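Shown next: model-v7.pdb, containing PDB, C-alpha atoms, pLDDT in the B column.
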ATOM      1  CA  MET A   1      96.011  60.931  66.168  1.00 47.00           C
ATOM      2  CA  ARG A   2      94.702  60.453  62.629  1.00 45.00           C
ATOM      3  CA  LYS A   3      91.149  60.419  63.978  1.00 47.00           C
ATOM      4  CA  LEU A   4      91.623  63.774  65.709  1.00 50.00           C
ATOM      5  CA  VAL A   5      93.019  65.901  62.927  1.00 53.00           C
ATOM      6  CA  GLU A   6      93.003  65.966  59.160  1.00 66.00           C
ATOM      7  CA  ILE A   7      96.226  64.656  57.681  1.00 70.00           C
ATOM      8  CA  GLU A   8      96.204  67.271  54.941  1.00 72.00           C
ATOM      9  CA  LYS A   9      96.139  70.029  57.545  1.00 77.00           C
ATOM     10  CA  LEU A  10      99.225  68.513  59.151  1.00 81.00           C
ATOM     11  CA  ARG A  11     101.017  68.407  55.811  1.00 79.00           C
ATOM     12  CA  GLN A  12     100.710  72.203  55.575  1.00 80.00           C
ATOM     13  CA  ILE A  13     102.687  72.744  58.795  1.00 84.00           C
ATOM     14  CA  PRO A  14     106.109  74.228  57.847  1.00 84.00           C
ATOM     15  CA  LEU A  15     108.011  72.006  60.286  1.00 82.00           C
ATOM     16  CA  PHE A  16     106.899  68.942  58.304  1.00 82.00           C
ATOM     17  CA  ALA A  17     107.659  70.332  54.837  1.00 82.00           C
ATOM     18  CA  GLY A  18     109.381  67.827  52.572  1.00 82.00           C
ATOM     19  CA  LEU A  19     108.969  64.799  54.852  1.00 81.00           C
ATOM     20  CA  PRO A  20     108.607  61.521  52.919  1.00 82.00           C
ATOM     21  CA  GLU A  21     105.317  59.684  53.519  1.00 82.00           C
ATOM     22  CA  LYS A  22     106.814  57.036  55.815  1.00 81.00           C
ATOM     23  CA  THR A  23     108.667  59.599  57.914  1.00 80.00           C
ATOM     24  CA  PHE A  24     105.665  61.896  58.010  1.00 82.00           C
ATOM     25  CA  SER A  25     103.419  59.068  59.246  1.00 82.00           C
ATOM     26  CA  GLU A  26     105.971  58.199  61.919  1.00 81.00           C
ATOM     27  CA  MET A  27     106.075  61.785  63.150  1.00 81.00           C
ATOM     28  CA  VAL A  28     102.276  62.073  63.173  1.00 82.00           C
ATOM     29  CA  SER A  29     102.003  58.901  65.245  1.00 83.00           C
ATOM     30  CA  MET A  30     104.181  60.509  67.942  1.00 84.00           C
ATOM     31  CA  LEU A  31     102.139  63.699  68.299  1.00 88.00           C
ATOM     32  CA  GLN A  32      99.639  64.266  71.087  1.00 89.00           C
ATOM     33  CA  CYS A  33      96.690  66.658  70.792  1.00 90.00           C
ATOM     34  CA  LYS A  34      95.194  68.914  73.463  1.00 92.00           C
ATOM     35  CA  GLU A  35      92.625  71.732  73.545  1.00 94.00           C
ATOM     36  CA  PHE A  36      93.208  74.823  75.702  1.00 96.00           C
ATOM     37  CA  PRO A  37      90.572  77.373  76.801  1.00 96.00           C
ATOM     38  CA  PRO A  38      91.182  81.102  76.170  1.00 93.00           C
ATOM     39  CA  GLU A  39      93.697  82.873  78.434  1.00 93.00           C
ATOM     40  CA  THR A  40      95.444  79.669  79.464  1.00 95.00           C
ATOM     41  CA  ASN A  41      99.175  79.594  80.157  1.00 93.00           C
ATOM     42  CA  VAL A  42     100.559  76.914  77.872  1.00 93.00           C
ATOM     43  CA  ILE A  43     104.149  77.855  78.735  1.00 91.00           C
ATOM     44  CA  THR A  44     105.379  79.851  81.740  1.00 90.00           C
ATOM     45  CA  ALA A  45     108.640  81.811  81.697  1.00 87.00           C
ATOM     46  CA  GLU A  46     111.565  80.372  83.658  1.00 86.00           C
ATOM     47  CA  GLN A  47     110.100  76.868  83.817  1.00 86.00           C
ATOM     48  CA  PRO A  48     112.017  73.924  82.309  1.00 83.00           C
ATOM     49  CA  GLY A  49     111.329  73.387  78.620  1.00 81.00           C
ATOM     50  CA  GLU A  50     110.267  69.780  78.153  1.00 85.00           C
ATOM     51  CA  ILE A  51     107.639  70.019  75.390  1.00 89.00           C
ATOM     52  CA  ILE A  52     107.487  71.526  71.914  1.00 89.00           C
ATOM     53  CA  TYR A  53     104.058  72.624  70.657  1.00 93.00           C
ATOM     54  CA  ILE A  54     102.545  73.151  67.207  1.00 92.00           C
ATOM     55  CA  ILE A  55      99.416  75.277  66.855  1.00 92.00           C
ATOM     56  CA  LEU A  56      96.715  73.438  64.940  1.00 90.00           C
ATOM     57  CA  GLN A  57      93.851  75.861  65.584  1.00 90.00           C
ATOM     58  CA  GLY A  58      93.542  79.163  67.442  1.00 92.00           C
ATOM     59  CA  SER A  59      96.255  81.622  68.415  1.00 92.00           C
ATOM     60  CA  VAL A  60      98.651  82.427  71.247  1.00 94.00           C
ATOM     61  CA  ARG A  61     100.639  85.437  72.389  1.00 92.00           C
ATOM     62  CA  VAL A  62     104.239  85.294  73.560  1.00 91.00           C
ATOM     63  CA  ALA A  63     104.888  87.656  76.453  1.00 89.00           C
ATOM     64  CA  VAL A  64     107.446  88.604  79.088  1.00 87.00           C
ATOM     65  CA  GLU A  65     106.698  90.345  82.362  1.00 80.00           C
ATOM     66  CA  GLY A  66     107.270  94.107  82.349  1.00 70.00           C
ATOM     67  CA  SER A  67     107.456  96.597  85.208  1.00 66.00           C
ATOM     68  CA  ASP A  68     103.771  97.542  84.975  1.00 71.00           C
ATOM     69  CA  ARG A  69     102.334  95.136  82.360  1.00 71.00           C
ATOM     70  CA  ASP A  70     103.293  92.228  80.158  1.00 74.00           C
ATOM     71  CA  VAL A  71     105.279  92.991  77.018  1.00 80.00           C
ATOM     72  CA  ILE A  72     103.946  91.046  74.029  1.00 86.00           C
ATOM     73  CA  LEU A  73     106.739  89.837  71.777  1.00 87.00           C
ATOM     74  CA  ALA A  74     104.691  87.981  69.166  1.00 88.00           C
ATOM     75  CA  ILE A  75     101.352  86.481  68.249  1.00 91.00           C
ATOM     76  CA  HIS A  76     101.371  83.056  66.617  1.00 91.00           C
ATOM     77  CA  GLY A  77      98.651  81.201  64.733  1.00 90.00           C
ATOM     78  CA  PRO A  78      97.975  77.853  63.026  1.00 89.00           C
ATOM     79  CA  GLY A  79     100.993  75.917  61.782  1.00 88.00           C
ATOM     80  CA  GLU A  80     103.512  77.706  63.973  1.00 91.00           C
ATOM     81  CA  VAL A  81     105.890  76.070  66.436  1.00 90.00           C
ATOM     82  CA  ILE A  82     106.217  77.305  70.023  1.00 91.00           C
ATOM     83  CA  GLY A  83     108.572  76.292  72.792  1.00 87.00           C
ATOM     84  CA  GLU A  84     111.341  75.299  70.389  1.00 84.00           C
ATOM     85  CA  MET A  85     114.118  77.407  71.952  1.00 82.00           C
ATOM     86  CA  SER A  86     114.210  75.495  75.240  1.00 81.00           C
ATOM     87  CA  ILE A  87     114.079  72.193  73.393  1.00 75.00           C
ATOM     88  CA  LEU A  88     117.113  73.197  71.305  1.00 75.00           C
ATOM     89  CA  ASP A  89     119.314  74.869  73.939  1.00 76.00           C
ATOM     90  CA  GLY A  90     118.183  73.005  77.074  1.00 75.00           C
ATOM     91  CA  LEU A  91     117.604  76.211  79.041  1.00 78.00           C
ATOM     92  CA  SER A  92     114.452  77.339  80.836  1.00 83.00           C
ATOM     93  CA  ARG A  93     111.581  79.048  79.012  1.00 87.00           C
ATOM     94  CA  SER A  94     112.429  82.607  77.988  1.00 84.00           C
ATOM     95  CA  ALA A  95     108.812  83.835  77.808  1.00 89.00           C
ATOM     96  CA  SER A  96     105.261  82.847  78.642  1.00 92.00           C
ATOM     97  CA  VAL A  97     102.798  81.662  76.010  1.00 94.00           C
ATOM     98  CA  ILE A  98      99.087  82.306  76.569  1.00 95.00           C
ATOM     99  CA  THR A  99      96.156  81.270  74.418  1.00 95.00           C
ATOM    100  CA  GLN A 100      94.119  84.171  73.037  1.00 92.00           C
ATOM    101  CA  GLU A 101      91.127  82.015  72.159  1.00 92.00           C
ATOM    102  CA  LYS A 102      90.115  78.371  72.347  1.00 93.00           C
ATOM    103  CA  SER A 103      93.110  76.665  70.758  1.00 94.00           C
ATOM    104  CA  THR A 104      94.107  73.159  69.715  1.00 92.00           C
ATOM    105  CA  LEU A 105      97.791  72.355  70.047  1.00 94.00           C
ATOM    106  CA  LEU A 106      99.850  69.344  69.059  1.00 92.00           C
ATOM    107  CA  TRP A 107     102.777  68.469  71.283  1.00 91.00           C
ATOM    108  CA  ILE A 108     105.734  66.131  71.574  1.00 88.00           C
ATOM    109  CA  GLY A 109     108.134  65.664  74.472  1.00 86.00           C
ATOM    110  CA  GLN A 110     111.762  66.735  74.364  1.00 83.00           C
ATOM    111  CA  THR A 111     113.225  63.224  74.514  1.00 81.00           C
ATOM    112  CA  ALA A 112     111.022  61.858  71.732  1.00 81.00           C
ATOM    113  CA  PHE A 113     111.656  64.913  69.581  1.00 80.00           C
ATOM    114  CA  TRP A 114     115.433  64.635  69.870  1.00 79.00           C
ATOM    115  CA  GLU A 115     115.362  60.888  69.230  1.00 74.00           C
ATOM    116  CA  GLN A 116     113.611  61.479  65.921  1.00 71.00           C
ATOM    117  CA  LEU A 117     115.083  64.829  64.884  1.00 70.00           C
ATOM    118  CA  TRP A 118     118.146  63.608  63.039  1.00 69.00           C
ATOM    119  CA  LYS A 119     116.322  60.630  61.525  1.00 71.00           C
ATOM    120  CA  MET A 120     113.956  63.004  59.733  1.00 73.00           C
ATOM    121  CA  GLU A 121     116.334  64.806  57.409  1.00 72.00           C
ATOM    122  CA  PRO A 122     114.197  67.842  56.398  1.00 78.00           C
ATOM    123  CA  VAL A 123     113.123  68.662  59.969  1.00 79.00           C
ATOM    124  CA  PRO A 124     116.385  70.289  61.195  1.00 78.00           C
ATOM    125  CA  LEU A 125     116.483  72.456  58.056  1.00 80.00           C
ATOM    126  CA  ASN A 126     112.813  73.386  58.488  1.00 82.00           C
ATOM    127  CA  MET A 127     113.489  74.336  62.106  1.00 80.00           C
ATOM    128  CA  ALA A 128     116.432  76.506  61.034  1.00 82.00           C
ATOM    129  CA  ARG A 129     114.220  78.289  58.510  1.00 83.00           C
ATOM    130  CA  ILE A 130     111.541  78.903  61.151  1.00 82.00           C
ATOM    131  CA  LEU A 131     114.106  80.375  63.555  1.00 82.00           C
ATOM    132  CA  ALA A 132     115.667  82.515  60.810  1.00 82.00           C
ATOM    133  CA  GLN A 133     112.258  83.927  59.891  1.00 80.00           C
ATOM    134  CA  ARG A 134     111.593  84.824  63.521  1.00 80.00           C
ATOM    135  CA  ILE A 135     114.937  86.593  63.811  1.00 80.00           C
ATOM    136  CA  ARG A 136     114.078  88.620  60.701  1.00 80.00           C
ATOM    137  CA  LEU A 137     110.702  89.567  62.167  1.00 77.00           C
ATOM    138  CA  CYS A 138     112.333  90.622  65.452  1.00 78.00           C
ATOM    139  CA  THR A 139     114.885  92.723  63.570  1.00 76.00           C
ATOM    140  CA  GLU A 140     112.147  94.438  61.574  1.00 75.00           C
ATOM    141  CA  GLN A 141     110.170  95.103  64.749  1.00 75.00           C
ATOM    142  CA  ILE A 142     113.175  96.704  66.462  1.00 77.00           C
ATOM    143  CA  GLN A 143     113.837  98.861  63.396  1.00 73.00           C
ATOM    144  CA  ALA A 144     110.196  99.955  63.354  1.00 72.00           C
ATOM    145  CA  LEU A 145     110.249 100.930  67.035  1.00 71.00           C
ATOM    146  CA  ALA A 146     113.319 103.065  66.407  1.00 72.00           C
ATOM    147  CA  ALA A 147     112.364 104.684  63.105  1.00 82.00           C
ATOM    148  CA  LEU A 148     108.560 104.888  62.751  1.00 87.00           C
ATOM    149  CA  ASP A 149     105.833 106.874  64.491  1.00 92.00           C
ATOM    150  CA  VAL A 150     102.850 105.061  66.032  1.00 93.00           C
ATOM    151  CA  ASN A 151     100.876 105.050  62.777  1.00 94.00           C
ATOM    152  CA  GLY A 152     103.821 103.497  60.979  1.00 94.00           C
ATOM    153  CA  ARG A 153     104.412 100.892  63.689  1.00 93.00           C
ATOM    154  CA  VAL A 154     100.769  99.800  63.653  1.00 95.00           C
ATOM    155  CA  ALA A 155     100.728  99.661  59.845  1.00 94.00           C
ATOM    156  CA  ARG A 156     103.972  97.652  59.747  1.00 92.00           C
ATOM    157  CA  GLN A 157     102.674  95.176  62.319  1.00 92.00           C
ATOM    158  CA  LEU A 158      99.406  94.601  60.461  1.00 94.00           C
ATOM    159  CA  LEU A 159     101.258  94.128  57.177  1.00 93.00           C
ATOM    160  CA  ALA A 160     103.629  91.687  58.900  1.00 90.00           C
ATOM    161  CA  PHE A 161     100.658  89.699  60.220  1.00 90.00           C
ATOM    162  CA  ALA A 162      99.158  89.692  56.722  1.00 91.00           C
ATOM    163  CA  LYS A 163     102.416  88.388  55.234  1.00 87.00           C
ATOM    164  CA  GLU A 164     102.770  85.690  57.885  1.00 85.00           C
ATOM    165  CA  HIS A 165      99.155  84.566  58.322  1.00 87.00           C
ATOM    166  CA  GLY A 166      97.145  86.282  55.580  1.00 88.00           C
ATOM    167  CA  GLN A 167      94.426  84.576  53.576  1.00 90.00           C
ATOM    168  CA  THR A 168      93.202  86.104  50.329  1.00 91.00           C
ATOM    169  CA  VAL A 169      89.490  86.915  50.473  1.00 91.00           C
ATOM    170  CA  LYS A 170      87.141  88.713  48.094  1.00 88.00           C
ATOM    171  CA  ASN A 171      87.784  92.216  49.433  1.00 90.00           C
ATOM    172  CA  GLY A 172      91.365  91.967  50.661  1.00 93.00           C
ATOM    173  CA  THR A 173      93.648  89.971  52.964  1.00 94.00           C
ATOM    174  CA  LEU A 174      92.171  88.377  56.076  1.00 95.00           C
ATOM    175  CA  ILE A 175      94.381  87.905  59.134  1.00 93.00           C
ATOM    176  CA  PRO A 176      92.723  84.848  60.739  1.00 89.00           C
ATOM    177  CA  VAL A 177      94.431  85.391  64.092  1.00 89.00           C
ATOM    178  CA  ARG A 178      92.719  87.128  66.996  1.00 89.00           C
ATOM    179  CA  ILE A 179      94.396  90.527  67.459  1.00 88.00           C
ATOM    180  CA  THR A 180      93.040  92.696  70.258  1.00 88.00           C
ATOM    181  CA  GLN A 181      93.801  96.401  70.519  1.00 90.00           C
ATOM    182  CA  THR A 182      95.604  95.780  73.811  1.00 89.00           C
ATOM    183  CA  ALA A 183      97.863  93.135  72.273  1.00 89.00           C
ATOM    184  CA  LEU A 184      98.584  95.299  69.243  1.00 91.00           C
ATOM    185  CA  ALA A 185      99.364  98.288  71.462  1.00 91.00           C
ATOM    186  CA  ASP A 186     101.813  96.247  73.524  1.00 88.00           C
ATOM    187  CA  MET A 187     103.587  95.026  70.396  1.00 88.00           C
ATOM    188  CA  VAL A 188     104.061  98.499  68.895  1.00 89.00           C
ATOM    189  CA  GLY A 189     104.882 100.301  72.147  1.00 86.00           C
ATOM    190  CA  ALA A 190     101.810 102.564  72.290  1.00 89.00           C
ATOM    191  CA  SER A 191      98.721 103.038  74.433  1.00 90.00           C
ATOM    192  CA  ARG A 192      95.559 101.093  73.700  1.00 92.00           C
ATOM    193  CA  VAL A 193      93.679 104.398  73.349  1.00 95.00           C
ATOM    194  CA  ARG A 194      96.051 105.620  70.628  1.00 95.00           C
ATOM    195  CA  VAL A 195      95.894 102.322  68.739  1.00 95.00           C
ATOM    196  CA  ASN A 196      92.098 102.412  68.966  1.00 95.00           C
ATOM    197  CA  GLN A 197      92.071 105.904  67.433  1.00 96.00           C
ATOM    198  CA  ILE A 198      94.250 104.728  64.539  1.00 96.00           C
ATOM    199  CA  LEU A 199      92.154 101.633  63.845  1.00 96.00           C
ATOM    200  CA  VAL A 200      88.890 103.576  63.997  1.00 96.00           C
ATOM    201  CA  TYR A 201      90.234 106.100  61.474  1.00 96.00           C
ATOM    202  CA  TRP A 202      91.477 103.357  59.159  1.00 96.00           C
ATOM    203  CA  ARG A 203      88.119 101.622  59.337  1.00 95.00           C
ATOM    204  CA  GLN A 204      86.403 104.883  58.403  1.00 96.00           C
ATOM    205  CA  CYS A 205      88.806 105.250  55.467  1.00 95.00           C
ATOM    206  CA  LYS A 206      88.116 101.607  54.495  1.00 95.00           C
ATOM    207  CA  TYR A 207      91.759 100.668  54.797  1.00 96.00           C
ATOM    208  CA  ILE A 208      90.800  97.801  57.131  1.00 96.00           C
ATOM    209  CA  ALA A 209      87.770  95.949  58.472  1.00 94.00           C
ATOM    210  CA  VAL A 210      87.483  94.279  61.877  1.00 91.00           C
ATOM    211  CA  ASP A 211      84.969  91.569  62.767  1.00 90.00           C
ATOM    212  CA  ALA A 212      83.497  90.587  66.142  1.00 86.00           C
ATOM    213  CA  ASN A 213      86.263  88.022  66.716  1.00 84.00           C
ATOM    214  CA  HIS A 214      89.019  90.664  66.413  1.00 85.00           C
ATOM    215  CA  HIS A 215      90.036  89.334  62.998  1.00 90.00           C
ATOM    216  CA  ILE A 216      91.349  92.146  60.800  1.00 94.00           C
ATOM    217  CA  THR A 217      90.984  92.257  57.032  1.00 95.00           C
ATOM    218  CA  ILE A 218      93.339  94.603  55.192  1.00 96.00           C
ATOM    219  CA  LEU A 219      91.333  96.225  52.409  1.00 96.00           C
ATOM    220  CA  ASN A 220      94.029  98.592  51.121  1.00 96.00           C
ATOM    221  CA  LYS A 221      97.626  97.438  51.596  1.00 94.00           C
ATOM    222  CA  ASN A 222      99.012 100.384  49.636  1.00 95.00           C
ATOM    223  CA  ALA A 223      97.385 102.859  51.996  1.00 95.00           C
ATOM    224  CA  LEU A 224      98.993 101.201  55.017  1.00 95.00           C
ATOM    225  CA  ALA A 225     102.345 100.886  53.250  1.00 93.00           C
ATOM    226  CA  ARG A 226     102.461 104.671  52.807  1.00 94.00           C
ATOM    227  CA  TYR A 227     102.837 105.015  56.593  1.00 93.00           C
ATOM    228  CA  LEU A 228     106.163 103.203  56.352  1.00 91.00           C
ATOM    229  CA  GLN A 229     107.757 105.826  54.124  1.00 82.00           C
TER     230      GLN A 229
END
Representation of the structure as structure tokens:
Amino acid sequence: MRKLVEIEKLRQIPLFAGLPEKTFSEMVSMLQCKEFPPETNVITAEQPGEIIYIILQGSVRVAVEGSDRDVILAIHGPGEVIGEMSILDGLSRSASVITQEKSTLLWIGQTAFWEQLWKMEPVPLNMARILAQRIRLCTEQIQALAALDVNGRVARQLLAFAKEHGQTVKNGTLIPVRITQTALADMVGASRVRVNQILVYWRQCKYIAVDANHHITILNKNALARYLQ
């Protein structure tokens, strides 16, 4: 495992925050590593949940099947945990998880995870914090769908991505997670055409920049924040 990934990168994963060196090394020794091509189902809804994953590189979308298309609930990037709900409650998977690009994931089986969970004192608390943050994000998303127009919902979602994944760069805040117009439209409850119109206008106004890999850089956070008022 140590030959496959950089230890320092693992230390930055929120689930491992505060682990003593011995405990951290023990956890690392239990992790497996696997690469997934783009558009690969890592998790399928309704299947038994027997593995918990941690994203090392790349990004995934969490989706449930809708009447005419999938509904995207979230997009997750490096350092984030996926598949934790089934591991904790023992029920089947509540949603599907699909890679958006070539992604490298760490994984550990349910039995091994539970055997070690309570031996590694900070891990349960870290997991609780991760779940609490996701509940907050879901609450904010529901509030946005009820109270904001499409411009506001798109702005709020981009700002949320920036807060969760953002990296400070010379001209603004880079969101290093692949975000397609279709995925963004599904998350904010709008058509892809309408989201495209908004993004094109914001690019013209230099509020944002978008590269060839669908990575968005927010150039003017204040301009986007005004859509939330």
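Here the PyMOL selection byres ((chain A and resi 116) around 12) matches the residues Thr23, Phe24, Glu26, Met27, Val28, Ser29, Met30, Leu31, Ile108, Gly109, Gln110, Thr111, Ala112, Phe113, Trp114, Glu115, Leu117, Trp118, Lys119, Met120, Glu121, Pro122, Val123 and Pro124 of chain A.
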- prompt: Written as number ranges by chain, what is the full residue list that the PyMOL selection byres ((chain A and resi 159) around 12) yields on the file shown?
  reply: A: 137, 140-141, 152-158, 160-166, 173-175, 207-208, 216-228
- prompt: Which residues match the PyMOL selection byres ((chain A and resi 40) around 10) in the file above, as a list in words?
  reply: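 Applying the expression gives Phe36, Pro37, Pro38, Glu39, Asn41, Val42, Ile43, Val60, Val97, Ile98, Thr99, Gln100, Glu101, Lys102 and Ser103 of chain A.
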Put those residues in a file: C-alpha atoms, as a PDB file, in the frame of the given file.
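Listed below is the output, result13.pdb:
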ATOM      1  CA  PHE A  36      93.208  74.823  75.702  1.00 96.00           C
ATOM      2  CA  PRO A  37      90.572  77.373  76.801  1.00 96.00           C
ATOM      3  CA  PRO A  38      91.182  81.102  76.170  1.00 93.00           C
ATOM      4  CA  GLU A  39      93.697  82.873  78.434  1.00 93.00           C
ATOM      5  CA  ASN A  41      99.175  79.594  80.157  1.00 93.00           C
ATOM      6  CA  VAL A  42     100.559  76.914  77.872  1.00 93.00           C
ATOM      7  CA  ILE A  43     104.149  77.855  78.735  1.00 91.00           C
ATOM      8  CA  VAL A  60      98.651  82.427  71.247  1.00 94.00           C
ATOM      9  CA  VAL A  97     102.798  81.662  76.010  1.00 94.00           C
ATOM     10  CA  ILE A  98      99.087  82.306  76.569  1.00 95.00           C
ATOM     11  CA  THR A  99      96.156  81.270  74.418  1.00 95.00           C
ATOM     12  CA  GLN A 100      94.119  84.171  73.037  1.00 92.00           C
ATOM     13  CA  GLU A 101      91.127  82.015  72.159  1.00 92.00           C
ATOM     14  CA  LYS A 102      90.115  78.371  72.347  1.00 93.00           C
ATOM     15  CA  SER A 103      93.110  76.665  70.758  1.00 94.00           C
TER      16      SER A 103
END
- prompt: Between A:Met85, A:Gln181, A:Val188, A:Gly79, which one has atoms that come closest to A:Phe16, using only C-alpha atoms?
  reply: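 Of the candidates, the smallest distance to A:Phe16 is held by A:Gly79.
As for atom CA of A:Ala45 and atom CA of A:Arg61, they are spaced 12.8 Å apart.
Pairwise distance (atom CA of A:Leu105, atom CA of A:Tyr53) equals 6.3 Å.
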Size and centre in Å, one decimal, axis-aligned box, all listed stretch 200-219 of chain A atoms plus 6 Å per side, as JSON:
{"center_x": 88.4, "center_y": 97.1, "center_z": 59.6, "size_x": 21.8, "size_y": 30.1, "size_z": 26.3}
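Among A:Ile72, A:Val210, A:Val195, A:Leu125, the residue with the shortest atom-to-atom distance to A:Ala17, counting only C-alpha atoms, is A:Leu125.
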- prompt: Could you work out how far atom CA of A:Leu56 lies from atom CA of A:Gln32, giving the answer in Å with one decimal?
  reply: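 Calculated distance between atom CA of A:Gln32 and atom CA of A:Leu56 is 11.4 Å.
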